[in-house]
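Undergrad: One file is attached below, work.cif, containing mmCIF, C-alpha atoms.
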data_run
loop_
_atom_site.label_atom_id
_atom_site.label_comp_id
_atom_site.auth_asym_id
_atom_site.auth_seq_id
_atom_site.Cartn_x
_atom_site.Cartn_y
_atom_site.Cartn_z
CA MET L 1 31.15 31.15 11.63
CA ARG L 2 33.86 29.69 9.45
CA TYR L 3 32.99 28.16 6.12
CA HIS L 4 31.98 24.51 6.05
CA LYS L 5 31.77 22.93 2.64
CA ILE L 6 29.42 20.09 3.59
CA PRO L 7 25.74 21.08 4.02
CA ASP L 8 24.23 20.68 7.49
CA GLU L 9 21.67 18.18 6.17
CA THR L 10 24.47 15.96 4.89
CA VAL L 11 26.30 16.25 8.22
CA ARG L 12 23.02 15.16 9.81
CA ARG L 13 22.87 12.02 7.67
CA LEU L 14 26.52 10.94 7.80
CA PRO L 15 26.26 9.46 11.33
CA ILE L 16 23.24 7.44 10.13
CA TYR L 17 25.35 5.94 7.33
CA LEU L 18 28.15 5.30 9.82
CA ARG L 19 25.82 3.35 12.10
CA GLY L 20 24.56 1.31 9.13
CA LEU L 21 28.14 0.54 8.04
CA MET L 22 29.08 -0.55 11.57
CA VAL L 23 26.12 -2.95 11.68
CA SER L 24 27.17 -4.44 8.31
CA ALA L 25 30.78 -4.75 9.49
CA ASP L 26 29.58 -6.55 12.62
CA GLN L 27 27.79 -8.99 10.32
CA GLY L 28 31.11 -9.73 8.59
CA CYS L 29 30.52 -7.78 5.37
CA GLU L 30 33.44 -6.10 3.60
CA HIS L 31 31.57 -4.28 0.85
CA ILE L 32 28.11 -2.77 0.53
CA SER L 33 26.23 -1.24 -2.39
CA SER L 34 24.59 2.15 -2.00
CA GLN L 35 21.25 0.38 -2.50
CA LEU L 36 21.87 -2.09 0.34
CA LEU L 37 23.10 0.70 2.59
CA ALA L 38 20.01 2.68 1.61
CA ASP L 39 17.75 -0.21 2.57
CA SER L 40 19.49 -0.68 5.91
CA VAL L 41 19.40 2.97 6.99
CA GLY L 42 16.18 4.12 5.38
CA VAL L 43 17.62 6.88 3.15
CA ASP L 44 17.29 6.92 -0.67
CA ALA L 45 20.29 5.50 -2.54
CA TRP L 46 20.63 8.63 -4.73
CA GLN L 47 20.76 10.73 -1.57
CA ILE L 48 23.52 8.55 -0.12
CA ARG L 49 25.57 8.78 -3.32
CA LYS L 50 25.11 12.56 -3.39
CA ASP L 51 26.06 12.97 0.28
CA LEU L 52 29.17 10.84 -0.09
CA SER L 53 30.24 12.76 -3.21
CA TYR L 54 30.93 15.79 -1.01
CA PHE L 55 34.00 14.22 0.50
CA GLY L 56 35.22 11.78 -2.10
CA ASP L 57 33.93 8.74 -3.87
CA PHE L 58 34.74 5.43 -2.19
CA GLY L 59 32.58 3.20 -4.34
CA THR L 60 33.63 0.72 -7.06
CA PRO L 61 31.06 -0.15 -9.75
CA GLY L 62 29.73 -3.68 -9.28
CA VAL L 63 31.45 -4.09 -5.92
CA GLY L 64 30.10 -1.19 -3.94
CA TYR L 65 31.70 0.66 -1.10
CA ASN L 66 34.54 -0.78 0.97
CA ILE L 67 32.89 -0.64 4.39
CA GLU L 68 36.00 -0.11 6.49
CA ARG L 69 37.39 2.60 4.22
CA LEU L 70 34.05 4.39 3.96
CA ALA L 71 33.50 4.27 7.74
CA ARG L 72 37.00 5.66 8.26
CA GLY L 73 36.30 8.42 5.72
CA ILE L 74 33.03 9.41 7.39
CA LYS L 75 34.66 9.39 10.84
CA LYS L 76 37.47 11.59 9.58
CA THR L 77 35.05 13.99 7.91
CA LEU L 78 32.91 14.23 11.04
CA ARG L 79 36.09 14.47 13.13
CA LEU L 80 35.06 11.42 15.11
CA ASP L 81 38.52 9.89 14.64
CA ALA L 82 39.61 11.09 18.08
CA ILE L 83 38.12 10.54 21.52
CA ARG L 84 36.22 13.62 22.69
CA ARG L 85 35.62 14.26 26.36
CA ALA L 86 32.17 15.61 27.21
CA ALA L 87 30.46 16.99 30.30
CA LEU L 88 26.82 16.63 31.27
CA VAL L 89 25.02 19.44 33.09
CA GLY L 90 21.76 18.49 34.84
CA VAL L 91 21.45 14.99 36.29
CA GLY L 92 17.66 14.66 36.43
CA ASP L 93 15.73 11.82 34.78
CA LEU L 94 16.98 12.70 31.30
CA GLY L 95 20.55 13.40 32.46
CA SER L 96 20.67 10.05 34.28
CA ALA L 97 19.43 8.30 31.15
CA LEU L 98 22.21 9.96 29.14
CA LEU L 99 24.88 8.95 31.68
CA ALA L 100 23.70 5.35 31.49
CA TYR L 101 23.53 5.32 27.71
CA PRO L 102 26.30 3.26 26.07
CA GLY L 103 25.77 4.64 22.56
CA PHE L 104 28.02 7.68 22.81
CA ARG L 105 31.24 5.60 22.79
CA MET L 106 30.39 4.33 19.32
CA TYR L 107 31.06 7.84 18.05
CA GLY L 108 34.18 8.45 20.13
CA LEU L 109 32.32 10.49 22.72
CA ASP L 110 33.12 9.97 26.37
CA ILE L 111 31.07 11.60 29.16
CA VAL L 112 33.69 12.13 31.87
CA ALA L 113 32.03 14.75 34.10
CA ALA L 114 28.54 15.55 35.40
CA PHE L 115 27.23 18.62 37.19
CA ASP L 116 24.09 19.51 39.12
CA VAL L 117 22.96 22.28 41.47
CA ASP L 118 21.09 19.89 43.79
CA ARG L 119 23.07 19.45 47.04
CA GLN L 120 21.46 16.03 47.47
CA LYS L 121 22.93 14.82 44.19
CA ILE L 122 26.39 16.37 44.45
CA GLY L 123 28.93 13.71 45.46
CA ALA L 124 26.75 10.80 44.33
CA VAL L 125 28.23 8.48 41.71
CA VAL L 126 26.13 7.64 38.63
CA ASN L 127 27.57 5.13 36.15
CA GLY L 128 31.07 5.70 37.49
CA ILE L 129 30.85 9.51 37.27
CA GLU L 130 30.83 11.59 40.44
CA ILE L 131 28.30 14.42 40.28
CA GLU L 132 29.96 17.79 40.92
CA ASP L 133 28.62 21.18 41.93
CA THR L 134 27.66 23.26 38.86
CA ALA L 135 29.95 25.97 40.27
CA ARG L 136 32.86 23.77 39.19
CA ILE L 137 32.01 24.09 35.46
CA ASP L 138 34.87 26.62 35.31
CA THR L 139 37.35 23.72 35.61
CA LEU L 140 36.39 22.25 32.22
CA LYS L 141 39.09 24.00 30.21
CA GLN L 142 41.97 22.68 32.30
CA ARG L 143 40.37 19.23 32.13
CA GLU L 144 40.36 19.42 28.31
CA ILE L 145 36.59 18.96 28.06
CA SER L 146 35.27 20.83 25.03
CA LEU L 147 31.81 19.28 24.52
CA ALA L 148 28.81 19.59 26.82
CA ILE L 149 25.31 18.18 27.06
CA VAL L 150 22.73 20.48 28.67
CA ALA L 151 19.82 18.66 30.34
CA VAL L 152 18.67 21.36 32.78
CA PRO L 153 15.19 22.95 33.02
CA ARG L 154 14.42 25.63 30.45
CA GLU L 155 14.82 28.47 32.98
CA ALA L 156 18.40 27.41 33.79
CA ALA L 157 19.48 26.69 30.21
CA GLN L 158 20.87 30.09 29.16
CA ILE L 159 22.90 30.66 32.34
CA THR L 160 24.29 27.13 31.99
CA VAL L 161 25.33 27.81 28.40
CA ASP L 162 26.96 31.10 29.44
CA SER L 163 29.08 29.32 32.04
CA LEU L 164 30.01 26.55 29.58
CA VAL L 165 31.11 29.09 26.98
CA ALA L 166 33.16 30.93 29.62
CA ALA L 167 34.78 27.58 30.47
CA GLY L 168 35.95 27.13 26.88
CA VAL L 169 33.37 24.60 25.66
CA LYS L 170 33.13 24.58 21.84
CA GLY L 171 30.08 22.42 21.16
CA ILE L 172 26.80 22.02 23.06
CA LEU L 173 23.96 19.53 22.71
CA ASN L 174 20.94 21.20 24.32
CA PHE L 175 17.81 19.37 25.44
CA ALA L 176 16.05 22.41 26.95
CA PRO L 177 13.16 23.38 24.65
CA CYS L 178 14.36 26.89 23.83
CA LYS L 179 16.75 28.71 21.55
CA LEU L 180 19.98 29.64 23.30
CA VAL L 181 22.28 32.57 22.67
CA ALA L 182 25.96 31.72 22.22
CA PRO L 183 28.88 33.22 20.29
CA ARG L 184 28.93 32.18 16.63
CA ARG L 185 32.10 30.13 17.10
CA ILE L 186 30.21 27.81 19.46
CA LYS L 187 28.06 25.16 17.77
CA VAL L 188 24.80 24.57 19.64
CA ILE L 189 22.49 21.75 18.56
CA THR L 190 19.08 21.84 20.25
CA LEU L 191 17.18 18.58 20.46
CA ASP L 192 13.57 19.30 21.34
CA ILE L 193 12.01 15.89 21.87
CA ALA L 194 8.41 17.17 21.80
CA MET L 195 9.14 18.73 18.43
CA GLU L 196 10.19 15.39 16.98
CA LEU L 197 6.95 13.84 18.18
CA ALA L 198 5.08 16.80 16.68
CA ARG L 199 6.21 15.73 13.19
CA LEU L 200 4.36 12.40 13.40
CA PRO L 201 0.71 13.44 12.97
CA TYR L 202 1.52 14.94 9.54
CA TYR L 203 2.11 11.42 8.27
CA MET L 204 -1.01 9.96 9.83
CA PRO L 205 -4.48 9.69 8.29
CA ARG L 206 -6.99 12.39 9.19
CA ALA L 207 -9.42 9.84 10.59
CA GLU L 208 -7.13 9.22 13.56
CA GLN L 209 -7.99 12.57 15.10
CA VAL L 210 -10.14 12.05 18.15
CA ALA L 211 -10.97 15.55 19.37
CA GLU L 212 -11.05 19.00 17.81
CA THR L 213 -9.50 21.84 19.79
CA MET N 1 3.30 5.14 1.33
CA ARG N 2 0.86 7.80 0.21
CA TYR N 3 2.10 10.95 -1.46
CA HIS N 4 3.00 13.93 0.73
CA LYS N 5 3.55 17.18 -1.08
CA ILE N 6 5.65 18.88 1.62
CA PRO N 7 9.29 17.72 1.84
CA ASP N 8 10.37 15.94 5.04
CA GLU N 9 12.96 18.63 5.75
CA THR N 10 10.22 21.28 5.68
CA VAL N 11 8.05 19.15 7.98
CA ARG N 12 11.07 18.99 10.27
CA ARG N 13 11.35 22.79 10.42
CA LEU N 14 7.66 23.71 10.72
CA PRO N 15 7.46 22.83 14.45
CA ILE N 16 10.50 25.08 15.03
CA TYR N 17 8.66 27.99 13.41
CA LEU N 18 5.57 27.17 15.44
CA ARG N 19 7.53 27.32 18.69
CA GLY N 20 9.04 30.69 17.64
CA LEU N 21 5.59 32.05 16.79
CA MET N 22 4.20 30.91 20.15
CA VAL N 23 7.01 32.71 21.99
CA SER N 24 6.29 35.91 20.02
CA ALA N 25 2.56 35.60 20.71
CA ASP N 26 3.32 35.20 24.43
CA GLN N 27 5.24 38.47 24.21
CA GLY N 28 2.12 40.19 22.88
CA CYS N 29 3.16 40.46 19.22
CA GLU N 30 0.54 40.24 16.45
CA HIS N 31 2.80 40.30 13.40
CA ILE N 32 6.33 39.14 12.70
CA SER N 33 8.61 39.56 9.67
CA SER N 34 10.34 36.52 8.21
CA GLN N 35 13.64 38.14 9.23
CA LEU N 36 12.59 38.49 12.88
CA LEU N 37 11.22 34.95 12.91
CA ALA N 38 14.49 33.81 11.33
CA ASP N 39 16.50 35.51 14.07
CA SER N 40 14.37 34.01 16.81
CA VAL N 41 14.47 30.41 15.58
CA GLY N 42 17.92 30.33 13.97
CA VAL N 43 16.84 29.42 10.42
CA ASP N 44 17.61 31.60 7.36
CA ALA N 45 14.80 33.97 6.32
CA TRP N 46 14.82 32.72 2.70
CA GLN N 47 14.43 29.17 3.99
CA ILE N 48 11.44 30.18 6.11
CA ARG N 49 9.78 31.95 3.16
CA LYS N 50 10.40 28.92 0.95
CA ASP N 51 9.07 26.47 3.55
CA LEU N 52 5.93 28.52 4.12
CA SER N 53 5.33 28.83 0.38
CA TYR N 54 4.52 25.10 0.27
CA PHE N 55 1.24 25.58 2.05
CA GLY N 56 0.20 29.12 1.24
CA ASP N 57 1.58 32.59 1.71
CA PHE N 58 0.43 34.31 4.90
CA GLY N 59 2.73 37.32 4.72
CA THR N 60 1.87 40.95 3.90
CA PRO N 61 4.70 43.14 2.51
CA GLY N 62 5.84 45.67 5.13
CA VAL N 63 3.71 44.09 7.86
CA GLY N 64 4.96 40.52 7.95
CA TYR N 65 3.10 37.43 8.96
CA ASN N 66 0.00 37.49 11.12
CA ILE N 67 1.25 35.32 13.98
CA GLU N 68 -2.05 33.77 14.98
CA ARG N 69 -3.05 32.95 11.42
CA LEU N 70 0.36 31.53 10.56
CA ALA N 71 0.46 29.41 13.72
CA ARG N 72 -3.01 28.08 12.91
CA GLY N 73 -1.90 27.31 9.34
CA ILE N 74 1.18 25.41 10.52
CA LYS N 75 -0.84 23.49 13.11
CA LYS N 76 -3.38 22.53 10.48
CA THR N 77 -0.67 21.47 8.01
CA LEU N 78 1.09 19.39 10.64
CA ARG N 79 -2.29 18.06 11.82
CA LEU N 80 -1.63 19.35 15.31
CA ASP N 81 -5.07 20.99 15.42
CA ALA N 82 -6.49 18.05 17.35
CA ILE N 83 -5.44 16.42 20.62
CA ARG N 84 -3.57 13.16 19.95
CA ARG N 85 -3.37 10.46 22.57
CA ALA N 86 0.00 8.75 22.88
CA ALA N 87 1.39 5.74 24.74
CA LEU N 88 4.88 5.33 26.17
CA VAL N 89 6.56 1.92 26.19
CA GLY N 90 9.56 1.55 28.53
CA VAL N 91 9.54 3.51 31.79
CA GLY N 92 13.27 3.57 32.54
CA ASP N 93 15.27 6.76 33.10
CA LEU N 94 14.48 8.12 29.65
CA GLY N 95 10.84 7.02 29.75
CA SER N 96 10.36 8.65 33.16
CA ALA N 97 11.90 11.87 31.82
CA LEU N 98 9.44 11.80 28.92
CA LEU N 99 6.45 11.22 31.22
CA ALA N 100 7.50 14.20 33.33
CA TYR N 101 8.10 16.46 30.34
CA PRO N 102 5.45 19.17 29.93
CA GLY N 103 6.44 20.14 26.37
CA PHE N 104 4.29 17.61 24.51
CA ARG N 105 1.03 19.41 25.33
CA MET N 106 2.22 22.47 23.38
CA TYR N 107 1.86 20.38 20.23
CA GLY N 108 -1.46 18.79 21.17
CA LEU N 109 0.18 15.54 22.28
CA ASP N 110 -1.06 13.83 25.41
CA ILE N 111 0.71 10.80 26.91
CA VAL N 112 -2.18 8.86 28.45
CA ALA N 113 -0.70 5.38 28.91
CA ALA N 114 2.63 3.86 29.90
CA PHE N 115 3.87 0.26 29.69
CA ASP N 116 6.79 -1.69 31.07
CA VAL N 117 7.76 -5.36 31.48
CA ASP N 118 9.24 -4.85 34.97
CA ARG N 119 6.86 -6.34 37.60
CA GLN N 120 8.27 -3.90 40.15
CA LYS N 121 7.16 -0.92 38.05
CA ILE N 122 3.75 -2.21 36.93
CA GLY N 123 1.02 -0.56 39.00
CA ALA N 124 3.18 2.37 40.06
CA VAL N 125 1.93 5.84 39.13
CA VAL N 126 4.33 8.26 37.41
CA ASN N 127 3.10 11.79 36.75
CA GLY N 128 -0.49 10.67 37.06
CA ILE N 129 -0.09 7.73 34.66
CA GLU N 130 -0.36 4.17 35.97
CA ILE N 131 2.28 1.89 34.49
CA GLU N 132 0.69 -1.16 32.84
CA ASP N 133 2.04 -4.52 31.80
CA THR N 134 3.41 -4.45 28.24
CA ALA N 135 1.10 -7.40 27.53
CA ARG N 136 -1.74 -4.87 27.60
CA ILE N 137 -0.47 -2.97 24.54
CA ASP N 138 -3.18 -4.81 22.59
CA THR N 139 -5.80 -2.56 24.25
CA LEU N 140 -4.50 0.59 22.50
CA LYS N 141 -6.88 0.47 19.55
CA GLN N 142 -10.03 0.41 21.68
CA ARG N 143 -8.56 3.24 23.76
CA GLU N 144 -8.09 5.33 20.59
CA ILE N 145 -4.34 5.69 21.08
CA SER N 146 -2.62 5.91 17.70
CA LEU N 147 0.82 7.32 18.61
CA ALA N 148 3.53 5.62 20.63
CA ILE N 149 6.92 6.48 22.06
CA VAL N 150 9.39 3.59 22.29
CA ALA N 151 12.01 3.97 25.04
CA VAL N 152 12.96 0.32 25.56
CA PRO N 153 16.45 -1.23 25.21
CA ARG N 154 17.63 -1.93 21.66
CA GLU N 155 17.05 -5.70 21.99
CA ALA N 156 13.36 -5.18 22.83
CA ALA N 157 12.67 -2.46 20.25
CA GLN N 158 11.54 -4.54 17.25
CA ILE N 159 9.19 -6.78 19.24
CA THR N 160 7.71 -3.67 20.87
CA VAL N 161 7.11 -2.08 17.47
CA ASP N 162 5.51 -5.29 16.19
CA SER N 163 3.04 -5.30 19.07
CA LEU N 164 2.29 -1.58 18.61
CA VAL N 165 1.62 -2.06 14.91
CA ALA N 166 -0.65 -5.02 15.70
CA ALA N 167 -2.50 -2.76 18.17
CA GLY N 168 -3.27 -0.23 15.42
CA VAL N 169 -0.66 2.42 16.22
CA LYS N 170 0.03 4.68 13.20
CA GLY N 171 3.06 6.71 14.28
CA ILE N 172 6.06 5.79 16.42
CA LEU N 173 8.82 7.92 17.93
CA ASN N 174 11.68 5.50 18.60
CA PHE N 175 14.59 6.21 20.93
CA ALA N 176 16.27 2.81 20.56
CA PRO N 177 19.46 3.25 18.49
CA CYS N 178 18.48 0.93 15.64
CA LYS N 179 16.46 0.88 12.47
CA LEU N 180 13.07 -0.76 12.94
CA VAL N 181 11.00 -2.67 10.45
CA ALA N 182 7.37 -1.58 10.14
CA PRO N 183 4.75 -1.57 7.37
CA ARG N 184 5.10 1.44 5.05
CA ARG N 185 1.82 2.94 6.26
CA ILE N 186 3.33 3.36 9.74
CA LYS N 187 5.55 6.41 10.18
CA VAL N 188 8.55 5.68 12.41
CA ILE N 189 10.85 8.50 13.48
CA THR N 190 14.04 7.31 15.19
CA LEU N 191 15.76 9.77 17.48
CA ASP N 192 19.28 8.52 18.22
CA ILE N 193 20.62 10.90 20.84
CA ALA N 194 24.26 9.79 20.44
CA MET N 195 23.99 10.52 16.74
CA GLU N 196 22.97 14.11 17.41
CA LEU N 197 26.00 14.54 19.65
CA ALA N 198 28.14 12.95 16.92
CA ARG N 199 27.39 15.92 14.64
CA LEU N 200 29.08 18.41 16.96
CA PRO N 201 32.80 17.67 16.43
CA TYR N 202 32.47 18.51 12.72
CA TYR N 203 31.89 22.11 13.69
CA MET N 204 34.74 22.28 16.18
CA PRO N 205 38.34 23.27 15.50
CA ARG N 206 40.81 20.42 14.91
CA ALA N 207 42.95 21.57 17.83
CA GLU N 208 40.29 20.45 20.28
CA GLN N 209 41.09 16.81 19.66
CA VAL N 210 42.81 15.35 22.67
CA ALA N 211 43.70 11.81 21.66
CA GLU N 212 44.09 9.94 18.40
CA THR N 213 42.43 6.56 18.13
#
Starting from the file, give its structure as structure tokens.
TA:
Amino acid sequence: MRYHKIPDETVRRLPIYLRGLMVSADQGCEHISSQLLADSVGVDAWQIRKDLSYFGDFGTPGVGYNIERLARGIKKTLRLDAIRRAALVGVGDLGSALLAYPGFRMYGLDIVAAFDVDRQKIGAVVNGIEIEDTARIDTLKQREISLAIVAVPREAAQITVDSLVAAGVKGILNFAPCKLVAPRRIKVITLDIAMELARLPYYMPRAEQVAET
Amino acid sequence: MRYHKIPDETVRRLPIYLRGLMVSADQGCEHISSQLLADSVGVDAWQIRKDLSYFGDFGTPGVGYNIERLARGIKKTLRLDAIRRAALVGVGDLGSALLAYPGFRMYGLDIVAAFDVDRQKIGAVVNGIEIEDTARIDTLKQREISLAIVAVPREAAQITVDSLVAAGVKGILNFAPCKLVAPRRIKVITLDIAMELARLPYYMPRAEQVAET
């Protein structure tokens, strides 16, 4: 993998700051202090200042950060300053929810293709996207689609990733609860929803347990 | 908020280790080195050793970690050593996907109730769970349900959280793309799917951009 100077944890938080800045901009604000931004996004102010120091300081003492300039800086750093075309593989319940979800556009991400193996789904149109046969994943390169979302069952996940990599996809967001093998140049982010829920009990009082296993 | 001695980032990684250990146990292994565990879960070995040092060292030089003991230790630390009953609010596409998802049981999490405002959905049974009117959220305390998953539209998210808090819920996994206000004693984890996808372009080559905004 090539060298990235910004730590992964900072890259994880930058979109959170971006969302907070967009909300403030919608409310008509031009500047925001790191403390106000911290309050609105739920991250400590020192952490925000440290994260932003990695790619330049946009703050002015007493005035705070210029919202538009900071948002532009974060977008540029995250390379969200261009529209990216993405494909979805697996149009089950989760896949359908993702197709219907308006939030991706906020980050310059545009789902323009969807694939499934189910003959009953192929040809159907969901949210303006016609579902294609998974066999057609090999057309992604010529269609300039370099991002993919994998929402297939666990058993089908690795073979799906293999075909996406062969089709020139460079980044994959995987919802199947397993680790996938891909060349190092391909960035795979796995989002295991059960695992997120599994973090909650740690923060809950012991007395809430109702049954010992 | 009460004091937690393990950093949030470590709490975030522990379930990943647990899943890796479970896979190894399924394959019949009794011990695993931090390097092998690192390879299987995609986290650096030094990071694993550091994370595990927070709650006791289970490794033996030359032998590695005893898988069963380590898994039990992680489960105990994360408080996953008891079955937790959870409620789902919002049975749309995403909510239905969550109800159908078998992965929660692996972490001792059991979705036992589902709520929606849609009269057409109330009374229907999805994966063995009868969908109830959201007005009945106030019964959660007497049903000993202390965890909730929020999969409602953004506009309904805060009012949903307010009613869950009033019903005694202690931990919330929120899929609505917004920051929610809750008392400090309630742990809210927001999972913004678009935001996860927004991290991918950073790791992709500049040449993959197809249009400037």
Undergrad: Which residue is closest to Lys75 in chain L? Choose from L:Arg199, L:Lys121, L:Arg19, L:Lys170 and count all atoms listed in the file.
TA: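 Distance minimum relative to Lys75 in chain L lands on L:Arg19.
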Undergrad: Give as number ranges by chain every residue of chain N that touches chain L within 7 Å, counting only C-alpha atoms.
TA: N: 11-12, 15, 41, 78-84, 93-94, 96-97, 103-104, 107, 146, 170-171, 173, 179, 187, 194-195, 197-204, 208-213
Undergrad: In Å, with one decimal, what is the gap from CA of Asn66 in chain L to CA of Cys29 in chain L?
TA: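 Going from CA of Asn66 in chain L over to CA of Cys29 in chain L covers 9.2 Å.
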Undergrad: In Å to one decimal, how far is CA of Arg154 in chain N from CA of Ala113 in chain N?
TA: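 Distance reported for this atom pair: 21.0 Å.
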Undergrad: Counting only C-alpha atoms, which residues come within 8 Å of (-3.4, 1.6, 33.9), with the point read in the file's coordinates, and could you list them as a list in words?
TA: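 The distance filter leaves exactly Ala113, Ala114, Gly123, Ile129, Glu130, Ile131 and Glu132 of chain N.
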Undergrad: Just how far from CA of Leu88 in chain L is CA of Val165 in chain L, in Å to one decimal?
TA: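 Between CA of Val165 in chain L and CA of Leu88 in chain L the gap is 13.9 Å.
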Undergrad: Can you tell me which residues surround Gln47 in chain L at a distance of at most 10 Å, considering all atoms listed in the file, apart from same-chain residues fewer than 5 positions away, and format the answer as a PyMOL selection string?
TA: chain L and resi 10+13+34+38+52-53
